[in-house]
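Following: one structure in structure tokens, then a few remarks.
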Amino acid sequence: MIQKSTVKLIILLVMATLVVFFTRKVIIEKFPGNYPMITPSLEFKTAFYKDRVEFTLPKATKSGRIIIYAYNIEGGYFGILKPIYNNTVKVYRNDFADFSINIEWNKITDVIFLKQMDRYIKRVNMFDLLELGRSKHLRHGVQACLYPICTKCTDGCKSVLPNGDLPIKMMVMKNGQIMPVFFRGKCPRCGKCFIWCPSEVIKKGKKPWEM
Ligand code: SF4
Ligand code: SF4
């Protein structure tokens with residue numbers, strides 16, 4: 001005969017197993033427990049035509065959008081958000097920059113949105129800037145990270161570490177594009193940056209045993 005206390009213990013164990021089983025997915029999604037991983041810059045080819053500049057990518061980004069950037073002679077960064085069709089992005093003669101970014105010593109000091117609602121507060125021709133970049137060897141190209149139009153990763157980080165020094169920072173790379181840089185030691189692995197990133201520039205990193 002099984003004793004009453006043994007039956008109770010078995011029922012308790014079964015119930016505990018069921019609770020763990022059904023809450024496991026929720027807990028894992030809330031705390032993925034993985035560090036973020038920054039994907040390498042996109043390779044691309046550029047072709048200049050009379051009426052447009054075409055950028056050919058190996059593949060589209062998850063969001064189907066990308067930023068084309070170009071620097072002027074004074075070192076100012078200008079960017080335009082563009083759709084990707086058939087792995088190609090086109091900048092036409094009459095396309096104007098959506099925003100500009102002031103950069104000092106490779107640090108972002110200010111962001112100005114040049115297109116506000118349906119009008120431009122200042123018209124800066126992207127086609128002309130790209131032409132200038134080609135002839136004067138100024139930095140220009142493709143940026144998979146949608147900053148400053150998107151700030152989801154740093155917003156997510158701030159919601160977890162409101163008073164902290166953020167483990168994700170937007171930085172200017174050698175080729176002039178702006179990308180997130182991750183400082184592993186400070187990150188509590190909440191997962192918001194890689195869950196929220198619309199372009200998969202930040203991905204869920206692998207744990208050592210998943211490699
Ligand atoms: S949002 Fe910030 S704290 Fe959360 S995983 Fe990303 S870097 Fe770490
Ligand atoms: S969430 Fe992704 S696309 Fe948005 S700023 Fe961060 S890295 Fe860039």
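Residues are referred to by chain and number: the chain letter is A, B, ... according to the order shown in the structure tokens, the number counts from 1 in that chain, and ligands are numbered separately from 1 in the order shown.
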*All residues 7 Å or closer to segment 180-185 of chain A, only C-alpha atoms, same chain fewer than 3 positions away omitted, as a list of chain:residue names*: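 Residues near the query, excluding close chain neighbours: A:Pro167, A:Ile168, A:Lys169, A:Met170, A:Met171.
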Could you dump the residues just selected with all heavy atoms as an mmCIF file, in the first residue's frame?
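Writing done, so here's part_15.cif:
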data_model
loop_
_atom_site.group_PDB
_atom_site.id
_atom_site.type_symbol
_atom_site.label_atom_id
_atom_site.label_comp_id
_atom_site.auth_asym_id
_atom_site.auth_seq_id
_atom_site.Cartn_x
_atom_site.Cartn_y
_atom_site.Cartn_z
ATOM 1 N N PRO A 167 25.706 49.500 -22.236
ATOM 2 C CA PRO A 167 26.611 48.558 -22.921
ATOM 3 C C PRO A 167 26.527 48.659 -24.438
ATOM 4 O O PRO A 167 27.379 48.132 -25.133
ATOM 5 C CB PRO A 167 26.140 47.181 -22.455
ATOM 6 C CG PRO A 167 24.934 47.383 -21.633
ATOM 7 C CD PRO A 167 24.612 48.830 -21.535
ATOM 8 N N ILE A 168 25.452 49.296 -24.964
ATOM 9 C CA ILE A 168 25.358 49.508 -26.423
ATOM 10 C C ILE A 168 25.530 50.999 -26.686
ATOM 11 O O ILE A 168 24.810 51.820 -26.108
ATOM 12 C CB ILE A 168 23.973 49.068 -26.958
ATOM 13 C CG1 ILE A 168 23.834 47.554 -26.915
ATOM 14 C CG2 ILE A 168 23.699 49.609 -28.343
ATOM 15 C CD1 ILE A 168 24.203 46.838 -28.180
ATOM 16 N N LYS A 169 26.476 51.321 -27.533
ATOM 17 C CA LYS A 169 26.680 52.728 -27.899
ATOM 18 C C LYS A 169 26.760 52.839 -29.411
ATOM 19 O O LYS A 169 27.290 51.951 -30.071
ATOM 20 C CB LYS A 169 28.000 53.236 -27.325
ATOM 21 C CG LYS A 169 27.995 53.405 -25.807
ATOM 22 C CD LYS A 169 29.265 54.112 -25.383
ATOM 23 C CE LYS A 169 29.590 53.931 -23.923
ATOM 24 N NZ LYS A 169 28.540 54.066 -22.971
ATOM 25 N N MET A 170 26.234 53.933 -29.965
ATOM 26 C CA MET A 170 26.336 54.172 -31.401
ATOM 27 C C MET A 170 27.669 54.869 -31.657
ATOM 28 O O MET A 170 27.956 55.881 -31.021
ATOM 29 C CB MET A 170 25.187 55.058 -31.901
ATOM 30 C CG MET A 170 23.808 54.551 -31.578
ATOM 31 S SD MET A 170 23.485 52.829 -31.994
ATOM 32 C CE MET A 170 23.769 52.836 -33.734
ATOM 33 N N MET A 171 28.473 54.310 -32.559
ATOM 34 C CA MET A 171 29.793 54.878 -32.807
ATOM 35 C C MET A 171 30.059 55.010 -34.305
ATOM 36 O O MET A 171 29.441 54.330 -35.112
ATOM 37 C CB MET A 171 30.858 53.992 -32.156
ATOM 38 C CG MET A 171 30.542 53.863 -30.678
ATOM 39 S SD MET A 171 31.808 53.475 -29.542
ATOM 40 C CE MET A 171 33.147 54.442 -29.773
#
*All residues having an atom within 7 Å of ligand 1 (only C-alpha atoms and all ligand atoms) as a PyMOL selection string*: chain A and resi 35-36+153-154+156-157+160-161+166-168+182+187-194
How would the residues just picked look written out with C-alpha atoms as an mmCIF file, in the first residue's frame?
data_model
loop_
_atom_site.group_PDB
_atom_site.id
_atom_site.type_symbol
_atom_site.label_atom_id
_atom_site.label_comp_id
_atom_site.auth_asym_id
_atom_site.auth_seq_id
_atom_site.Cartn_x
_atom_site.Cartn_y
_atom_site.Cartn_z
ATOM 1 C CA TYR A 35 24.786 38.427 -25.072
ATOM 2 C CA PRO A 36 24.037 40.459 -28.194
ATOM 3 C CA CYS A 153 18.499 49.138 -29.138
ATOM 4 C CA THR A 154 19.657 52.075 -27.014
ATOM 5 C CA GLY A 156 15.733 49.140 -24.822
ATOM 6 C CA CYS A 157 19.041 49.368 -23.002
ATOM 7 C CA VAL A 160 16.890 48.279 -18.297
ATOM 8 C CA LEU A 161 19.756 50.481 -17.116
ATOM 9 C CA LEU A 166 24.962 51.721 -21.547
ATOM 10 C CA PRO A 167 26.611 48.558 -22.921
ATOM 11 C CA ILE A 168 25.358 49.508 -26.423
ATOM 12 C CA PHE A 182 28.714 46.394 -27.628
ATOM 13 C CA CYS A 187 25.366 43.899 -20.090
ATOM 14 C CA PRO A 188 22.837 42.023 -17.920
ATOM 15 C CA ARG A 189 21.604 40.128 -21.050
ATOM 16 C CA CYS A 190 17.994 41.300 -21.082
ATOM 17 C CA GLY A 191 17.830 40.651 -24.840
ATOM 18 C CA LYS A 192 15.843 43.766 -25.764
ATOM 19 C CA CYS A 193 18.414 45.059 -28.266
ATOM 20 C CA PHE A 194 18.440 41.921 -30.422
#
Please build the interface table for chain A against ligand 2 with a cut-off of 8 Å, listing for each qualifying residue the nearest atom pair and the distance in Å to one decimal; count only C-alpha atoms and all ligand atoms, order rows by chain and increasing number, and write it as a tab-separated table.
residue	atom	partner	partner_atom_place_in_ligand_line	distance
A:Ile38	CA	ligand 2	7 (S)	8.0
A:Ala144	CA	ligand 2	3 (S)	7.0
A:Cys145	CA	ligand 2	8 (Fe)	3.7
A:Leu146	CA	ligand 2	3 (S)	4.3
A:Tyr147	CA	ligand 2	5 (S)	4.4
A:Pro148	CA	ligand 2	5 (S)	6.6
A:Ile149	CA	ligand 2	5 (S)	7.5
A:Cys150	CA	ligand 2	4 (Fe)	4.3
A:Thr151	CA	ligand 2	5 (S)	4.2
A:Lys152	CA	ligand 2	1 (S)	4.3
A:Cys153	CA	ligand 2	1 (S)	4.1
A:Thr154	CA	ligand 2	6 (Fe)	6.5
A:Met170	CA	ligand 2	5 (S)	7.7
A:Met179	CA	ligand 2	7 (S)	6.6
A:Pro180	CA	ligand 2	7 (S)	5.5
A:Cys193	CA	ligand 2	1 (S)	6.1
A:Phe194	CA	ligand 2	1 (S)	7.3
A:Trp196	CA	ligand 2	1 (S)	6.0
A:Cys197	CA	ligand 2	1 (S)	3.6
A:Pro198	CA	ligand 2	3 (S)	5.6
A:Ser199	CA	ligand 2	3 (S)	5.2
A:Glu200	CA	ligand 2	2 (Fe)	6.2
A:Val201	CA	ligand 2	7 (S)	5.0
A:Ile202	CA	ligand 2	7 (S)	5.5
*asked:* Please report the interatomic distance between atom CA of Val89 of chain A and atom CA of Thr56 of chain A in Å with one decimal.
replied: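 Atom-to-atom, atom CA of Val89 of chain A to atom CA of Thr56 of chain A, that is 6.6 Å.
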_Can you pull out every residue from segment 78-200 of chain A that DSSP, working from the backbone, puts in helix (DSSP H, G or I), and format the result as a PyMOL selection string?_
chain A and resi 126-136+152-160+184-186+192-196
Mind dumping a table of every segment 88-164 of chain A residue within 8 Å of segment 67-70 of chain A, with the nearest atom pair and its distance in Å to one decimal, using only C-alpha atoms, sorted by chain and rising number, as a Markdown table?
| residue | atom | partner | partner_atom | distance |
| --- | --- | --- | --- | --- |
| A:Met126 | CA | A:Ala70 | CA | 7.4 |
| A:Leu129 | CA | A:Ala70 | CA | 6.1 |
| A:Leu130 | CA | A:Ala70 | CA | 6.0 |
| A:Gly133 | CA | A:Ala70 | CA | 6.8 |
| A:Leu138 | CA | A:Ala70 | CA | 7.6 |
| A:Arg139 | CA | A:Ala70 | CA | 6.0 |
| A:His140 | CA | A:Ala70 | CA | 4.1 |
| A:Gly141 | CA | A:Tyr69 | CA | 5.5 |
| A:Val142 | CA | A:Ile68 | CA | 4.8 |
| A:Gln143 | CA | A:Ile67 | CA | 5.0 |
| A:Ala144 | CA | A:Ile67 | CA | 6.4 |
| A:Cys145 | CA | A:Ile67 | CA | 7.3 |
| A:Leu146 | CA | A:Ile67 | CA | 6.1 |
Given the selection you just returned, output its residues as a file containing C-alpha atoms, formatted as a compact mmCIF listing (two decimals), in the first residue's frame.
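The resulting file, out-v7.txt, is reproduced below:
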# COMPACT_ATOMS: atom_id res chain seq x y z
CA MET A 126 22.27 63.25 -51.78
CA LEU A 129 27.07 64.49 -52.21
CA LEU A 130 27.66 60.95 -53.52
CA GLY A 133 32.37 61.60 -52.46
CA LEU A 138 35.09 61.38 -49.23
CA ARG A 139 33.44 58.70 -47.15
CA HIS A 140 30.09 57.42 -48.42
CA GLY A 141 28.25 54.13 -48.57
CA VAL A 142 25.62 51.83 -47.12
CA GLN A 143 24.65 51.59 -43.45
CA ALA A 144 22.51 48.64 -42.35
CA CYS A 145 21.84 50.20 -38.94
CA LEU A 146 18.90 52.60 -39.25
*Measure the distance from atom CA of Ile80 of chain A to atom CA of Arg52 of chain A in Å and round it to one decimal.*
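Interatomic distance, atom CA of Ile80 of chain A to atom CA of Arg52 of chain A: 14.0 Å.
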*Any idea what's packed within 10 Å of Gly76 of chain A, counting only C-alpha atoms, ignoring anything in its chain fewer than 4 positions away? Could you give it as a list in words?*
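Counting only the stated atoms, we get Ala70, Tyr71, Asn72, Ser100, Ile101, Asn102, Ile103 and Glu104 of chain A.
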How would the residues just chosen look if you wrote them out with N, CA, C and O atoms as a short mmCIF file (atom, residue, chain, number, x, y, z; two decimals), in the first residue's frame?
data_model
loop_
_atom_site.label_atom_id
_atom_site.label_comp_id
_atom_site.auth_asym_id
_atom_site.auth_seq_id
_atom_site.Cartn_x
_atom_site.Cartn_y
_atom_site.Cartn_z
N ALA A 70 26.64 59.96 -46.82
CA ALA A 70 27.75 60.61 -47.53
C ALA A 70 28.21 61.78 -46.68
O ALA A 70 27.40 62.45 -46.04
N TYR A 71 29.54 62.01 -46.68
CA TYR A 71 30.11 63.14 -45.92
C TYR A 71 30.38 64.30 -46.87
O TYR A 71 30.71 64.07 -48.05
N ASN A 72 30.26 65.52 -46.36
CA ASN A 72 30.64 66.68 -47.18
C ASN A 72 32.11 67.04 -46.88
O ASN A 72 32.76 66.40 -46.04
N SER A 100 21.04 65.01 -40.85
CA SER A 100 22.49 65.19 -40.81
C SER A 100 22.96 64.92 -39.38
O SER A 100 22.17 65.02 -38.43
N ILE A 101 24.22 64.57 -39.26
CA ILE A 101 24.77 64.25 -37.94
C ILE A 101 26.09 65.01 -37.77
O ILE A 101 26.95 64.96 -38.65
N ASN A 102 26.19 65.71 -36.65
CA ASN A 102 27.47 66.38 -36.35
C ASN A 102 28.35 65.39 -35.60
O ASN A 102 27.90 64.74 -34.65
N ILE A 103 29.58 65.31 -36.04
CA ILE A 103 30.52 64.35 -35.45
C ILE A 103 31.81 65.09 -35.07
O ILE A 103 32.35 65.85 -35.88
N GLU A 104 32.25 64.88 -33.84
CA GLU A 104 33.52 65.46 -33.41
C GLU A 104 34.38 64.35 -32.83
O GLU A 104 33.94 63.64 -31.92
#
*Could you find all residues in segment 76-162 of chain A that DSSP calls strand (DSSP E or B) from the backbone, and write them as JSON, numbers by chain?*
{"A": [77, 78, 79, 80, 81, 82, 83, 85, 88, 89, 90, 91, 92, 96, 99, 100, 101, 102, 103, 104, 107, 108, 109, 110, 111, 112, 113, 115, 116, 119, 120, 125, 140, 141, 142, 143]}
*May I ask for the distance between atom CA of Val172 of chain A and atom CA of Glu131 of chain A, given in Å to one decimal place?*
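Atom CA of Glu131 of chain A lies 21.7 Å from atom CA of Val172 of chain A.
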